[in-house]
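Presented below is the structure to which this report refers.
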Amino acid sequence: MSAATATPPPARAKKLGRLERPALMGVLVREVINFSSFWKSSAFSSTVEPTIYLIAFGFGFGSLVSTVAGYDYVEFVGTGTVATAVLFSSVFSAMFGSFVKYQFQRTYDAILAAPVDTEELVTAEALWIAARAGVFGCAPLLVAMVFGLDPSWGMLLVPFIGALTGYGWACFGIFIAARLNSIDHFSYVTSTVVTPMFLTAGTFFPLDGLPEWVQVLGQFNPLHHCVELVRHAAFGFEGWVDLGHVGALIVFAIGTWRLSIHYMTKKLVD
Amino acid sequence: MALALSLRGAVKRYGEITAVDHLDLEVPEGTCVGLLGPNGAGKSTTMRLLTAQAIADEGEIEVLGHTLPGDSKAARAEMGVVPQLDNLDTTLTVEQNLRVFTHLYRIPRGERQDAIERALEMARLGDRRDTRADKLSGGMRRRLLIARALVHGPRLVLLDEPTVGLDPQVRQELWALIDALRAEGVSILMSTHYIEEAQRLADSVVIMAEGSAVATGPPSQLVLEHVGREAIEIYGPPARLAEAEAEARSAGYSTRRTGTSVSVLGIERANGDMPEGERRPTNLEDLFVLLTGEEAE
């Protein structure tokens with residue numbers, strides 16, 4: 001065998017690049033086909049829970065508090081729980097879904113044996129979760145409309161705000177899945193990161209009534225920026241302020257995107 | 001002869017453990033090479049090196065003319081991988097599993113259905129196309145894994161323990177499938193610890209132990225070279241076996257334990273003073289045990 005020579009690559013072959021559309025589409029098609037087998041349960045869990053929050057807080061506190069920050073309380077909570085729906089449908093899908101796919105189902109091994117690299121795999125997975133989050137995030141808004149929230153043209157941007165926020169949280173979830181070695185440890189992240197962020201995003205009460213240090217911390221909470229953007233989409237944009245919110249969400253999305261790729265690569269490639 | 005893949009001096013370490021230790025391995029185009037070794041010999045790590053799911057610490061790796069790991073994506077586009085562990089999408093049907101991989105392997109839209117039909121026919125799963133993967137038998141799932149790896153018509157197929165844990169009947173079915181692939185000119189690297197599998201399917205074998213290749217060549221040639229043409233198998237109580245083993249070794253013969261007996265290898269060189277026993281032709285298993293050790297890890 002020593003006299004053998006290496007096979008030249010065929011003429012049509014070329015070095016494949018990064019973040020190629022066919023690779024991203026391949027992973028997305030896999031997600032879409034799989035989603036067709038579990039969309040009902042996924043849609044149920046992602047939309048019903050925030051809707052319960054909306055109804056419970058809206059009518060619970062709503063009976064005690066008529067207006068908050070100049071809005072009817074149902075309108076305040078109805079727009080705020082969009083962010084909750086986005087969070088729940090992105091971060092948990094990403095954390096548990098990614099962990100199960102690489103640890104138990106070995107799906108990522110199968111995909112990486114095809115011409116797909118980890119950067120493309122993570123990006124496509126996060127894009128799909130973000131798209132779902134953008135759609136599921138609209139559910140509380142629709143429910144709030146039933147209870148009196150007036151529709152507005154700006155609300156058409158809510159799915160996009162949800163998708164941008166969802167992309168960051170999906171990447172955060174994939175990053176957590178890559179960093180932790182046991183699915184049981186996810187509860188630490190849920191208790192110490194996800195729940196505090198969800199409660200201090202300005203969803204159920206405005207941040208400006210809280211101590212100043214909480215208000216400052218709130219500026220670092222991506223969910224707060226989502227809440228603000230959704231409210232402004234519903235009740236009127238505030239120019240540069242909203243561009244600042246968009247910028248914060250983009251920074252969050254890019255930061256978690258690179259982190260998730262870095263750590264998932266370390267997890268999947270020895 | 002042109003090479004479908006080559007590893008030269010490949011080393012892969014995990015901390016203190018060297019899983020692949022200066023491994024040289026070549027698969028000439030259109031041949032089937034068997035990668036034989038006991039558990040922990042480094043076979044699966046070698047397979048992962050070839051898909052760039054593990055990155056070598058030292059050495060050079062080329063697959064279908066592409067240098068790894070830098071150009072691994074282009075190499076993966078032209079090869080198929082059958083993993084040791086089932087990683088099918090269990091809630092999808094047979095056809096959906098194949099469809100997903102027609103996209104991942106970038107088959108043009110107009111050719112996808114034909115590719116699926118070919119793969120279904122080759123794996124004889126046409127009548128199961130609408131069955132969910134989790135409702136298939138073990139053998140059918142394994143055939144689907146092979147079909148999935150072949151859906152894009154690869155030039156090279158990596159089979160990582162393709163028949164592990166399967167019934168003998170199913171194993172023979174898969175052997176026929178692999179043999180048909182080889183007949184079509186597809187290059188194959190197949191890791192296995194089933195001796196019979198390597199003997200039946202491989203044009204040449206590489207025997208690995210502790211991460212290194214300890215013997216390389218066509219099975220029959222290697223057997224002749226290392227353990228001779230004939231063996232004598234001696235039965236008896238443990239004390240008798242130990243005595244026969246010691247005698248044979250002192251006379252310069254290699255021996256191996258075969259559970260209830262001791263085999264003395266290369267006895268065609270003997271001049272009539274061998275102990276009583278059953279004469280038999282030597283085989284790849286004799287060679288395998290001789291080179292990789294008698295103790296299971």
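To be explicit about the labels: the chains of the structure tokens are called A, B, and onward in the order shown, and within each one the residues are counted from 1, while ligands get numbers from 1 in the order they are shown.
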Test item: chain B residues at most 9 Å from chain A, counting only C-alpha atoms, as a ChimeraX atom specification
/B:1-6,14,26-29,48,51-56,62-66,70-83,85-92,96-97,99-106,149,217
- Report the residues of segment 43-175 of chain A whose backbone DSSP state falls under alpha helix (DSSP H), written as a PyMOL selection string. chain A and resi 43-60+73-87+93-99+107-112+118-136+138-146+158-175
- Task: Can you pull out every residue within 7 Å of Val94 of chain B, counting only C-alpha atoms, but drop anything in the same chain fewer than 2 positions away, and send it as a PyMOL selection string?
- Result: chain B and resi 92+96-98+128-133
Can I get the selected residues back with C-alpha atoms, as a PDB file, in the first residue's frame?
ATOM      1  CA  LEU B  92     -39.640  10.560  12.080  1.00  0.00           C
ATOM      2  CA  GLN B  96     -38.385  11.537   6.596  1.00  0.00           C
ATOM      3  CA  ASN B  97     -35.067  10.414   8.108  1.00  0.00           C
ATOM      4  CA  LEU B  98     -33.670  10.026   4.607  1.00  0.00           C
ATOM      5  CA  ARG B 128     -41.445   0.613   5.533  1.00  0.00           C
ATOM      6  CA  ARG B 129     -41.070   4.134   4.209  1.00  0.00           C
ATOM      7  CA  ASP B 130     -43.940   5.451   6.342  1.00  0.00           C
ATOM      8  CA  THR B 131     -42.959   3.585   9.509  1.00  0.00           C
ATOM      9  CA  ARG B 132     -41.561   5.638  12.351  1.00  0.00           C
ATOM     10  CA  ALA B 133     -37.951   4.782  13.138  1.00  0.00           C
TER      11      ALA B 133
END
Practice item. Run DSSP on the backbone and give me the residues of segment 21-260 of chain A it puts in strand (DSSP E), as a VMD selection string. Key: chain A and resid 67 to 68 71 to 72
From atom CA of Phe92 of chain A to atom CA of Gln215 of chain A the spacing works out at 25.9 Å
Fill in: Neighbour list for segment 247-261 of chain B as number ranges by chain, cut-off 6 Å, only C-alpha atoms, skip fewer than 3 positions in-chain
B: 234-235, 244, 264-265
Within 9 Å of segment 231-248 of chain A, which residues of segment 64-88 of chain A show up? Give each one with its shortest atom-to-atom distance in Å (one decimal) and the two atoms involved, counting only C-alpha atoms, rows by chain then rising residue number, as a Markdown table.
| residue | atom | partner | partner_atom | distance |
| --- | --- | --- | --- | --- |
| A:Glu75 | CA | A:Arg231 | CA | 8.8 |
| A:Phe76 | CA | A:Arg231 | CA | 7.6 |
| A:Thr79 | CA | A:Arg231 | CA | 5.6 |
| A:Gly80 | CA | A:Arg231 | CA | 7.1 |
>> Ranking B:Asp24, B:Asp179, B:Glu197, B:Glu268 by minimum distance to Ala231 of chain B and counting only C-alpha atoms, which one comes first?
In response: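 Once distances to Ala231 of chain B are computed over only C-alpha atoms, the minimum belongs to B:Glu268.
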Of the candidates B:Met208, B:Ala198, B:Val262, B:Val20, which shows the shortest atom-to-atom distance to Thr292 of chain B, using only C-alpha atoms?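 Among B:Met208, B:Ala198, B:Val262, B:Val20, it is B:Met208 that comes nearest to Thr292 of chain B.
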Between B:Gln221, B:Thr282, B:Ala123, B:Ala239, smallest distance to Leu177 of chain B by only C-alpha atoms belongs to B:Ala123
